[in-house]
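input_26.txt (compact mmCIF, C-alpha atoms and all ligand atoms)
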```
# COMPACT_ATOMS: atom_id res chain seq x y z
CA MET A 1 18.76 6.24 -8.23
CA THR A 2 20.17 8.60 -10.84
CA GLY A 3 20.94 12.29 -10.61
CA ASP A 4 24.07 13.88 -9.27
CA TRP A 5 22.53 16.59 -7.17
CA LYS A 6 21.66 17.33 -3.56
CA TYR A 7 18.82 14.82 -3.46
CA GLY A 8 20.01 12.28 -6.04
CA GLY A 9 22.59 9.57 -6.52
CA SER A 10 23.88 8.23 -3.20
CA PHE A 11 21.56 6.84 -0.52
CA GLU A 12 22.58 9.73 1.77
CA ASN A 13 21.47 12.27 -0.84
CA ARG A 14 18.18 10.52 -1.61
CA ALA A 15 17.33 10.01 2.07
CA ARG A 16 18.17 13.64 2.78
CA PHE A 17 15.00 14.71 0.97
CA VAL A 18 12.69 13.07 3.50
CA TYR A 19 15.01 13.54 6.50
CA GLU A 20 15.01 17.30 5.95
CA GLY A 21 11.21 17.21 5.79
CA TYR A 22 11.09 15.50 9.19
CA GLU A 23 13.53 17.98 10.69
CA ARG A 24 11.46 20.91 9.42
CA ILE A 25 8.20 19.42 10.70
CA LYS A 26 9.68 18.71 14.14
CA LYS A 27 11.07 22.26 14.30
CA GLU A 28 7.84 23.95 13.21
CA ILE A 29 5.47 21.79 15.29
CA ASN A 30 7.06 21.32 18.66
CA ASP A 31 4.30 19.12 20.07
CA PRO A 32 4.91 15.47 21.10
CA ASN A 33 1.21 14.74 20.50
CA PHE A 34 1.54 15.60 16.83
CA ILE A 35 2.32 12.27 15.23
CA VAL A 36 4.45 12.01 12.14
CA GLY A 37 5.11 8.99 9.96
CA SER A 38 5.76 7.82 6.43
CA LYS A 39 4.48 5.36 3.90
CA ILE A 40 7.46 3.58 2.37
CA SER A 41 7.66 1.38 -0.68
CA PHE A 42 10.05 -1.20 0.74
CA TRP A 43 10.80 -2.90 -2.57
CA GLU A 44 9.77 -1.33 -5.85
CA GLY A 45 10.17 -4.53 -7.84
CA PHE A 46 11.98 -3.41 -10.98
CA PRO A 47 15.69 -3.13 -11.91
CA GLY A 48 17.20 -0.09 -10.24
CA GLY A 49 14.12 0.56 -8.11
CA PHE A 50 14.37 1.11 -4.37
CA GLY A 51 15.34 -2.15 -2.69
CA SER A 52 17.53 -3.33 -5.56
CA ALA A 53 21.30 -3.72 -5.26
CA GLY A 54 22.15 -0.91 -7.69
CA PRO A 55 20.89 1.18 -10.61
CA ASP A 56 21.31 -1.57 -13.25
CA THR A 57 20.29 -4.70 -11.40
CA ALA A 58 17.13 -6.52 -10.40
CA ILE A 59 18.93 -8.28 -7.53
CA ILE A 60 17.12 -7.55 -4.28
CA ASP A 61 19.03 -5.79 -1.50
CA TYR A 62 17.06 -4.59 1.52
CA SER A 63 19.90 -2.67 3.14
CA GLU A 64 18.71 0.76 1.94
CA PRO A 65 15.03 0.26 2.83
CA ILE A 66 16.08 -0.91 6.31
CA ALA A 67 18.47 2.04 6.72
CA LEU A 68 15.70 4.41 5.60
CA VAL A 69 13.07 3.24 8.09
CA LYS A 70 15.65 3.29 10.89
CA GLY A 71 16.71 6.80 9.83
CA LEU A 72 13.08 7.94 9.89
CA GLN A 73 12.62 6.47 13.35
CA GLU A 74 15.74 8.29 14.58
CA ARG A 75 14.22 11.53 13.27
CA GLY A 76 10.99 11.01 15.13
CA ALA A 77 8.75 8.83 12.94
CA ASP A 78 5.92 7.49 15.10
CA PHE A 79 4.70 5.09 12.44
CA ILE A 80 5.72 3.52 9.15
CA ILE A 81 3.17 2.28 6.63
CA VAL A 82 4.86 -0.49 4.70
CA SER A 83 4.06 -0.57 1.01
CA ALA A 84 5.74 -1.99 -2.08
CA GLY A 85 5.92 -1.42 -5.81
CA CYS A 86 5.85 1.80 -7.79
CA PRO A 87 2.37 2.72 -9.07
CA SER A 88 3.71 3.97 -12.39
CA ILE A 89 5.72 0.78 -13.07
CA THR A 90 4.70 -2.09 -10.78
CA LEU A 91 1.16 -1.16 -9.71
CA ALA A 92 0.08 -4.77 -9.15
CA LEU A 93 2.74 -4.99 -6.46
CA SER A 94 1.50 -1.84 -4.68
CA GLN A 95 -2.09 -3.03 -4.85
CA PRO A 96 -2.30 -6.70 -5.83
CA ASP A 97 -5.20 -7.12 -8.24
CA ARG A 98 -7.28 -10.15 -9.07
CA ARG A 99 -5.18 -11.00 -12.15
CA ILE A 100 -1.91 -11.08 -10.18
CA PRO A 101 -3.00 -11.56 -6.56
CA ASP A 102 -0.09 -13.62 -5.25
CA GLN A 103 2.30 -10.70 -4.91
CA VAL A 104 0.39 -9.78 -1.78
CA TYR A 105 2.39 -12.27 0.25
CA LEU A 106 5.58 -10.28 -0.35
CA HIS A 107 4.04 -7.47 1.67
CA HIS A 108 3.98 -9.66 4.77
CA THR A 109 7.71 -10.29 4.50
CA PHE A 110 8.38 -6.55 4.16
CA GLN A 111 6.16 -5.74 7.13
CA LYS A 112 8.01 -8.31 9.23
CA ILE A 113 11.45 -6.98 8.24
CA VAL A 114 10.41 -3.43 9.16
CA LYS A 115 8.87 -4.60 12.45
CA ASP A 116 12.01 -6.53 13.39
CA ASN A 117 14.26 -3.57 12.66
CA LEU A 118 12.39 -0.86 14.57
CA ASP A 119 11.71 -0.19 18.25
CA PRO A 120 8.47 -1.72 19.58
CA GLU A 121 7.07 1.80 20.12
CA THR A 122 7.23 2.64 16.40
CA VAL A 123 3.94 1.51 14.93
CA VAL A 124 4.29 -0.64 11.82
CA ILE A 125 1.22 -0.54 9.62
CA GLY A 126 0.72 -3.18 6.93
CA SER A 127 -0.98 -2.39 3.62
CA ALA A 128 -2.44 -4.25 0.63
CA TYR A 129 -4.99 -6.35 2.52
CA SER A 130 -8.00 -5.60 0.28
CA ILE A 131 -7.25 -8.48 -2.10
CA PHE A 132 -8.05 -10.98 0.69
CA ARG A 133 -11.64 -9.72 1.17
CA ASP A 134 -13.90 -12.51 2.56
CA GLY A 135 -11.59 -15.22 1.28
CA LYS A 136 -13.38 -15.48 -2.07
CA ASN A 137 -10.25 -14.67 -4.03
CA ASN A 138 -7.90 -16.31 -6.53
CA LEU A 139 -5.29 -17.11 -3.90
CA GLN A 140 -4.44 -20.72 -3.06
CA PRO A 141 -7.53 -22.50 -4.44
CA ARG A 142 -7.21 -25.50 -2.10
CA VAL A 143 -7.12 -23.39 1.08
CA PRO A 144 -10.51 -22.79 2.79
CA GLU A 145 -11.88 -19.25 2.41
CA SER A 146 -11.76 -18.70 6.17
CA LYS A 147 -7.96 -19.10 6.03
CA LYS A 148 -7.33 -16.60 3.27
CA SER A 149 -9.60 -13.71 4.17
CA LEU A 150 -8.72 -10.15 5.16
CA LYS A 151 -9.84 -10.82 8.72
CA TYR A 152 -7.72 -13.99 8.95
CA TRP A 153 -4.50 -12.37 7.67
CA ALA A 154 -5.00 -9.14 9.65
CA ASN A 155 -5.52 -11.06 12.90
CA LYS A 156 -2.68 -13.47 12.18
CA ASN A 157 -0.14 -10.82 11.21
CA ILE A 158 -0.97 -8.54 14.12
CA SER A 159 -0.91 -11.37 16.67
CA GLU A 160 2.33 -12.79 15.27
CA ASN A 161 4.14 -9.43 15.35
CA VAL A 162 4.37 -9.07 11.58
CA CYS A 163 2.78 -5.61 11.97
CA ASP A 164 0.91 -3.63 14.62
CA MET A 165 -2.04 -2.48 12.53
CA ILE A 166 -3.36 -2.79 9.02
CA ALA A 167 -4.34 0.00 6.63
CA ILE A 168 -7.21 -0.58 4.25
CA GLY A 169 -7.23 1.07 0.84
CA ARG A 170 -9.59 -0.12 -1.88
CA GLN A 171 -11.88 -1.93 0.55
CA THR A 172 -12.59 1.46 2.15
CA LEU A 173 -13.87 2.71 -1.20
CA ALA A 174 -15.94 -0.45 -1.66
CA ASP A 175 -17.46 -0.20 1.84
CA CYS A 176 -16.26 2.30 4.41
CA TYR A 177 -18.48 0.60 7.01
CA MET A 178 -16.58 -2.70 6.85
CA PRO A 179 -15.03 -2.34 10.35
CA LYS A 180 -18.41 -1.39 11.88
CA LYS A 181 -20.19 -4.26 10.14
CA MET A 182 -17.48 -6.70 11.32
CA LYS A 183 -17.73 -5.40 14.88
CA GLU A 184 -21.50 -5.80 14.86
CA GLY A 185 -21.36 -9.31 13.36
CA ARG A 186 -22.95 -8.18 10.08
CA GLU A 187 -20.23 -9.52 7.82
CA GLU A 188 -22.71 -10.84 5.27
CA GLU A 189 -23.70 -7.20 4.62
CA ILE A 190 -20.17 -6.09 3.65
CA ASN A 191 -19.69 -4.91 0.06
CA TRP A 192 -16.39 -6.52 -0.79
CA CYS A 193 -13.78 -5.05 -3.07
CA THR A 194 -13.29 -7.28 -6.11
CA ALA A 195 -9.76 -5.94 -6.77
CA CYS A 196 -10.83 -5.02 -10.32
CA ASP A 197 -8.84 -1.77 -10.07
CA ASN A 198 -11.45 0.24 -11.96
CA CYS A 199 -11.17 2.94 -9.29
CA ILE A 200 -7.55 3.46 -10.28
CA GLU A 201 -8.67 3.84 -13.89
CA LEU A 202 -10.82 6.79 -12.79
CA LEU A 203 -7.81 8.24 -10.99
CA ILE A 204 -5.54 7.83 -14.01
CA GLN A 205 -8.14 9.55 -16.19
CA GLN A 206 -8.33 12.38 -13.64
CA GLU A 207 -11.99 11.72 -12.80
CA ALA A 208 -13.55 11.74 -9.34
CA VAL A 209 -12.56 8.45 -7.72
CA ASN A 210 -14.96 5.98 -6.15
CA CYS A 211 -15.77 2.29 -6.30
CA THR A 212 -17.28 1.47 -9.70
CA VAL A 213 -18.64 -1.85 -8.43
CA HIS A 214 -20.63 -0.57 -5.43
CA ASN A 215 -21.27 3.07 -6.35
CA LYS A 216 -23.74 3.70 -9.16
CA GLU A 217 -22.48 7.19 -10.01
CA ALA A 218 -18.89 5.98 -10.29
CA SER A 219 -20.00 3.03 -12.40
CA LYS A 220 -21.78 5.38 -14.83
CA ARG A 221 -18.79 7.72 -14.84
CA LEU A 222 -16.50 4.88 -15.88
CA LYS A 223 -18.91 3.68 -18.58
CA ASP A 224 -19.19 7.19 -20.08
CA LEU A 225 -15.44 7.67 -19.85
CA ARG A 226 -14.69 4.42 -21.68
CA LYS A 227 -17.24 5.33 -24.35
CA GLU A 228 -15.55 8.68 -24.84
CA LYS A 229 -11.88 7.77 -24.47
CA GLY A 230 -11.76 3.99 -24.88
CA ARG A 231 -10.25 1.53 -22.42
CA LEU A 232 -6.88 2.16 -20.87
CA ARG A 233 -4.11 0.10 -22.41
CA TYR A 234 -2.07 0.10 -19.22
CA LYS A 235 -3.38 0.70 -15.73
CA LEU A 236 -0.36 2.60 -14.48
CA THR A 237 -0.44 5.96 -12.73
C1 LIG A 301 -7.76 5.18 -6.15
C2 LIG A 301 -6.52 4.98 -5.35
C3 LIG A 301 -5.73 6.07 -5.00
C4 LIG A 301 -4.55 5.88 -4.25
N1 LIG A 301 -3.78 6.96 -3.92
C5 LIG A 301 -2.66 6.78 -3.16
C6 LIG A 301 -1.86 7.90 -2.78
O1 LIG A 301 -2.12 9.04 -3.14
N2 LIG A 301 -0.77 7.66 -2.01
C7 LIG A 301 -0.45 6.40 -1.59
O2 LIG A 301 0.54 6.23 -0.88
N3 LIG A 301 -1.19 5.32 -1.94
C8 LIG A 301 -2.28 5.50 -2.71
N4 LIG A 301 -3.04 4.41 -3.07
C9 LIG A 301 -2.62 3.06 -2.63
C10 LIG A 301 -3.35 2.64 -1.38
O3 LIG A 301 -3.12 3.57 -0.32
C11 LIG A 301 -2.91 1.24 -0.91
O4 LIG A 301 -1.53 1.24 -0.56
C12 LIG A 301 -3.13 0.18 -1.98
O5 LIG A 301 -4.37 0.37 -2.61
C13 LIG A 301 -3.03 -1.21 -1.38
O6 LIG A 301 -3.97 -1.38 -0.34
P1 LIG A 301 -5.38 -2.11 -0.57
O7 LIG A 301 -5.06 -3.51 -1.02
O8 LIG A 301 -6.05 -2.06 0.76
O9 LIG A 301 -6.10 -1.33 -1.63
C14 LIG A 301 -4.20 4.58 -3.83
C15 LIG A 301 -5.02 3.49 -4.18
C16 LIG A 301 -6.17 3.67 -4.93
C17 LIG A 301 -7.00 2.48 -5.28
S1 LIG A 302 -13.50 -0.26 -8.17
FE1 LIG A 302 -14.29 -0.96 -6.21
S2 LIG A 302 -14.19 -3.18 -6.34
FE2 LIG A 302 -12.87 -2.40 -7.97
S3 LIG A 302 -10.84 -2.26 -6.99
FE3 LIG A 302 -11.77 -0.27 -6.74
S4 LIG A 302 -12.74 -0.37 -4.72
FE4 LIG A 302 -12.31 -2.45 -5.34
```

What does the file become when written as structure tokens?
Amino acid sequence: MTGDWKYGGSFENRARFVYEGYERIKKEINDPNFIVGSKISFWEGFPGGFGSAGPDTAIIDYSEPIALVKGLQERGADFIIVSAGCPSITLALSQPDRRIPDQVYLHHTFQKIVKDNLDPETVVIGSAYSIFRDGKNNLQPRVPESKKSLKYWANKNISENVCDMIAIGRQTLADCYMPKKMKEGREEEINWCTACDNCIELLIQQEAVNCTVHNKEASKRLKDLRKEKGRLRYKLT
């Protein structure tokens, strides 16, 4: 939120950065079949981050995130992927991990706010669903697994107009055939993401990224890396 220059300071200046990008893309590629969209962190979750009421406060204020997604729609956004957090500060909000899983529910609120503020034609895509996996997670211990799985929340949120689609991040690394296996009724064969976030450790250390739980090469890469460089103190990008 700081910086008194063309793209800093006021909301108008900060939004200009992405708005100009949209205008350039639309000008260069004059084809209605070429879809354009953005992934937006709706609330970054730290004082002064996007979605807070000012540079020195942690008070939440969604007016700028709402204005931004509406502004993107006006400039031709066909879809918005709704994210949260800032990977270098609040990573566990961007991708809820098994130590702090409960932040995932905030994403549903953000998806709903975006959905309610945009035209029905603009596709709202939810993110951060990997933590739910097959329901074997640390969320709500007294709730049956069938009511806290990825499939349950994806179906529920899409049917209740919270979002139109879901995007899958870490679970794609763990098993890119998950959708196929689900479609074919082979759910017991799915390699589920454990939300350990070891893949992000590989990324932070600038190594080739893959799932260290289900991919032997990646698992060895991580072991060798930790031997050589030690464990990361903070998993922040
Ligand atoms: C290894 C790794 C790399 C990622 N790189 C990006 C990126 O470049 N840009 C981005 O917007 N999100 C990135 N993400 C975040 C994911 O797209 C996704 O928003 C997040 O992991 C939450 O979804 P999930 O619970 O399905 O994993 C990355 C995540 C992981 C694990
Ligand atoms: S390393 Fe594999 S299991 Fe762990 S978070 Fe990444 S994709 Fe999921």

Handout entry: Env. residues ligand LIG 301 (chain A) / 9 Å / all atoms listed in the file / as a PyMOL selection string
Key = chain A and resi 39-41+81-84+87+91+93-97+104+126-132+166-173+193+195+197-204+209-211

Practice task
Return the single residue from A:Tyr152, A:Arg98, A:Glu12, A:Asn157 that is closest to ligand LIG 302 (chain A), with distances computed using only C-alpha atoms and all ligand atoms.
Solution key: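 Closest residue, counting only C-alpha atoms and all ligand atoms: A:Arg98.
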
Fill in the blank from the handout: Taken to one decimal, the CA of Lys220 (chain A)-CA of Gln205 (chain A) distance is 14.3 Å

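Picture a line from CA of Ile25 (chain A) to CA of Gly76 (chain A); it runs 9.9 Å.
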
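The shortest atom-to-atom distance to Tyr19 (chain A), with all atoms listed in the file taken into account, belongs to A:Leu72 out of A:Ile60, A:Phe50, A:Trp5, A:Leu72.
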
If the box runs along x, y and z of the file and leaves 8 Å on each side of region 8-14 of chain A, what are its centre and edge lengths in Å, one decimal, as JSON?
```
{"center_x": 21.0, "center_y": 9.6, "center_z": -2.4, "size_x": 21.7, "size_y": 21.4, "size_z": 24.3}
```

I'd like the contact shell of Lys115 (chain A) - 9 Å cut-off, all atoms listed in the file, skipping same-chain residues fewer than 3 positions apart - returned as an mmCIF file with C-alpha atoms, keeping the file's coordinate frame.
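Done, and the output landed in out_22.cif:
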```cif
data_model
loop_
_atom_site.group_PDB
_atom_site.id
_atom_site.type_symbol
_atom_site.label_atom_id
_atom_site.label_comp_id
_atom_site.auth_asym_id
_atom_site.auth_seq_id
_atom_site.Cartn_x
_atom_site.Cartn_y
_atom_site.Cartn_z
ATOM 1 C CA PHE A 110 8.380 -6.550 4.160
ATOM 2 C CA GLN A 111 6.160 -5.740 7.130
ATOM 3 C CA LYS A 112 8.010 -8.310 9.230
ATOM 4 C CA LEU A 118 12.390 -0.860 14.570
ATOM 5 C CA ASP A 119 11.710 -0.190 18.250
ATOM 6 C CA PRO A 120 8.470 -1.720 19.580
ATOM 7 C CA THR A 122 7.230 2.640 16.400
ATOM 8 C CA VAL A 123 3.940 1.510 14.930
ATOM 9 C CA VAL A 124 4.290 -0.640 11.820
ATOM 10 C CA ASN A 161 4.140 -9.430 15.350
ATOM 11 C CA VAL A 162 4.370 -9.070 11.580
ATOM 12 C CA CYS A 163 2.780 -5.610 11.970
ATOM 13 C CA ASP A 164 0.910 -3.630 14.620
#
```

Problem - Å distance separating CA of Ala77 (chain A) from CA of Lys180 (chain A), one decimal place - result: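 Atom-to-atom, CA of Ala77 (chain A) and CA of Lys180 (chain A) are spaced 29.0 Å apart.
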
Practice task
Could you tell me which of A:Gln103, A:Tyr234, A:Asn215, A:Leu225 comes closest to ligand LIG 302 (chain A) if we count all atoms listed in the file?
Solution key: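 Looking at the shortest contact to ligand LIG 302 (chain A), the residue is A:Asn215.
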
Practice task
Considering all atoms listed in the file, state which residue in the set A:Ser63, A:Ser146, A:Thr212, A:Asn191 is at the smallest distance from ligand LIG 302 (chain A).
Solution key: A:Thr212

Practice task
Considering all atoms listed in the file, state which residue in the set A:Asp78, A:Glu64, A:Asp134, A:Glu184 is at the smallest distance from Asn33 (chain A).
Solution key: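 Closest to Asn33 (chain A) of all the choices is A:Asp78.
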
Please rebuild region 155-178 of chain A with N, CA and C atoms and return the result as a JSON list (two decimals), in the coordinates of the input.
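Once written, out_1.json looks like this:
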```json
[["chain", "number", "residue", "atom", "x", "y", "z"],
["A", 155, "ASN", "N", -5.66, -10.53, 11.54],
["A", 155, "ASN", "CA", -5.52, -11.06, 12.90],
["A", 155, "ASN", "C", -4.22, -11.81, 13.07],
["A", 156, "LYS", "N", -3.89, -12.64, 12.09],
["A", 156, "LYS", "CA", -2.68, -13.47, 12.18],
["A", 156, "LYS", "C", -1.43, -12.58, 12.22],
["A", 157, "ASN", "N", -1.36, -11.64, 11.29],
["A", 157, "ASN", "CA", -0.14, -10.82, 11.21],
["A", 157, "ASN", "C", 0.02, -9.91, 12.42],
["A", 158, "ILE", "N", -1.08, -9.40, 12.93],
["A", 158, "ILE", "CA", -0.97, -8.54, 14.12],
["A", 158, "ILE", "C", -0.60, -9.39, 15.34],
["A", 159, "SER", "N", -1.22, -10.56, 15.48],
["A", 159, "SER", "CA", -0.91, -11.37, 16.67],
["A", 159, "SER", "C", 0.47, -12.00, 16.59],
["A", 160, "GLU", "N", 1.00, -12.19, 15.40],
["A", 160, "GLU", "CA", 2.33, -12.79, 15.27],
["A", 160, "GLU", "C", 3.43, -11.75, 15.08],
["A", 161, "ASN", "N", 3.12, -10.48, 15.37],
["A", 161, "ASN", "CA", 4.14, -9.43, 15.35],
["A", 161, "ASN", "C", 4.73, -9.15, 13.96],
["A", 162, "VAL", "N", 3.95, -9.42, 12.95],
["A", 162, "VAL", "CA", 4.37, -9.07, 11.58],
["A", 162, "VAL", "C", 4.16, -7.56, 11.40],
["A", 163, "CYS", "N", 3.06, -7.05, 11.97],
["A", 163, "CYS", "CA", 2.78, -5.61, 11.97],
["A", 163, "CYS", "C", 1.92, -5.32, 13.19],
["A", 164, "ASP", "N", 1.71, -4.02, 13.45],
["A", 164, "ASP", "CA", 0.91, -3.63, 14.62],
["A", 164, "ASP", "C", -0.54, -3.32, 14.24],
["A", 165, "MET", "N", -0.72, -2.88, 13.01],
["A", 165, "MET", "CA", -2.04, -2.48, 12.53],
["A", 165, "MET", "C", -2.10, -2.78, 11.04],
["A", 166, "ILE", "N", -3.29, -2.75, 10.48],
["A", 166, "ILE", "CA", -3.36, -2.79, 9.02],
["A", 166, "ILE", "C", -4.10, -1.55, 8.49],
["A", 167, "ALA", "N", -3.66, -1.11, 7.32],
["A", 167, "ALA", "CA", -4.34, 0.00, 6.63],
["A", 167, "ALA", "C", -5.18, -0.62, 5.52],
["A", 168, "ILE", "N", -6.33, -0.03, 5.28],
["A", 168, "ILE", "CA", -7.21, -0.58, 4.25],
["A", 168, "ILE", "C", -7.45, 0.46, 3.18],
["A", 169, "GLY", "N", -7.11, 0.13, 1.95],
["A", 169, "GLY", "CA", -7.23, 1.07, 0.84],
["A", 169, "GLY", "C", -8.51, 0.87, 0.06],
["A", 170, "ARG", "N", -8.45, 0.04, -0.99],
["A", 170, "ARG", "CA", -9.59, -0.12, -1.88],
["A", 170, "ARG", "C", -10.86, -0.59, -1.16],
["A", 171, "GLN", "N", -10.70, -1.44, -0.16],
["A", 171, "GLN", "CA", -11.88, -1.93, 0.55],
["A", 171, "GLN", "C", -12.64, -0.79, 1.23],
["A", 172, "THR", "N", -11.92, 0.30, 1.55],
["A", 172, "THR", "CA", -12.59, 1.46, 2.15],
["A", 172, "THR", "C", -13.48, 2.14, 1.11],
["A", 173, "LEU", "N", -13.02, 2.15, -0.15],
["A", 173, "LEU", "CA", -13.87, 2.71, -1.20],
["A", 173, "LEU", "C", -15.08, 1.81, -1.43],
["A", 174, "ALA", "N", -14.84, 0.51, -1.39],
["A", 174, "ALA", "CA", -15.94, -0.45, -1.66],
["A", 174, "ALA", "C", -16.98, -0.41, -0.54],
["A", 175, "ASP", "N", -16.53, -0.26, 0.70],
["A", 175, "ASP", "CA", -17.46, -0.20, 1.84],
["A", 175, "ASP", "C", -16.74, 0.37, 3.05],
["A", 176, "CYS", "N", -16.98, 1.66, 3.29],
["A", 176, "CYS", "CA", -16.26, 2.30, 4.41],
["A", 176, "CYS", "C", -16.80, 1.83, 5.76],
["A", 177, "TYR", "N", -17.93, 1.10, 5.75],
["A", 177, "TYR", "CA", -18.48, 0.60, 7.01],
["A", 177, "TYR", "C", -18.01, -0.82, 7.34],
["A", 178, "MET", "N", -17.04, -1.33, 6.59],
["A", 178, "MET", "CA", -16.58, -2.70, 6.85],
["A", 178, "MET", "C", -16.22, -2.94, 8.33]]
```
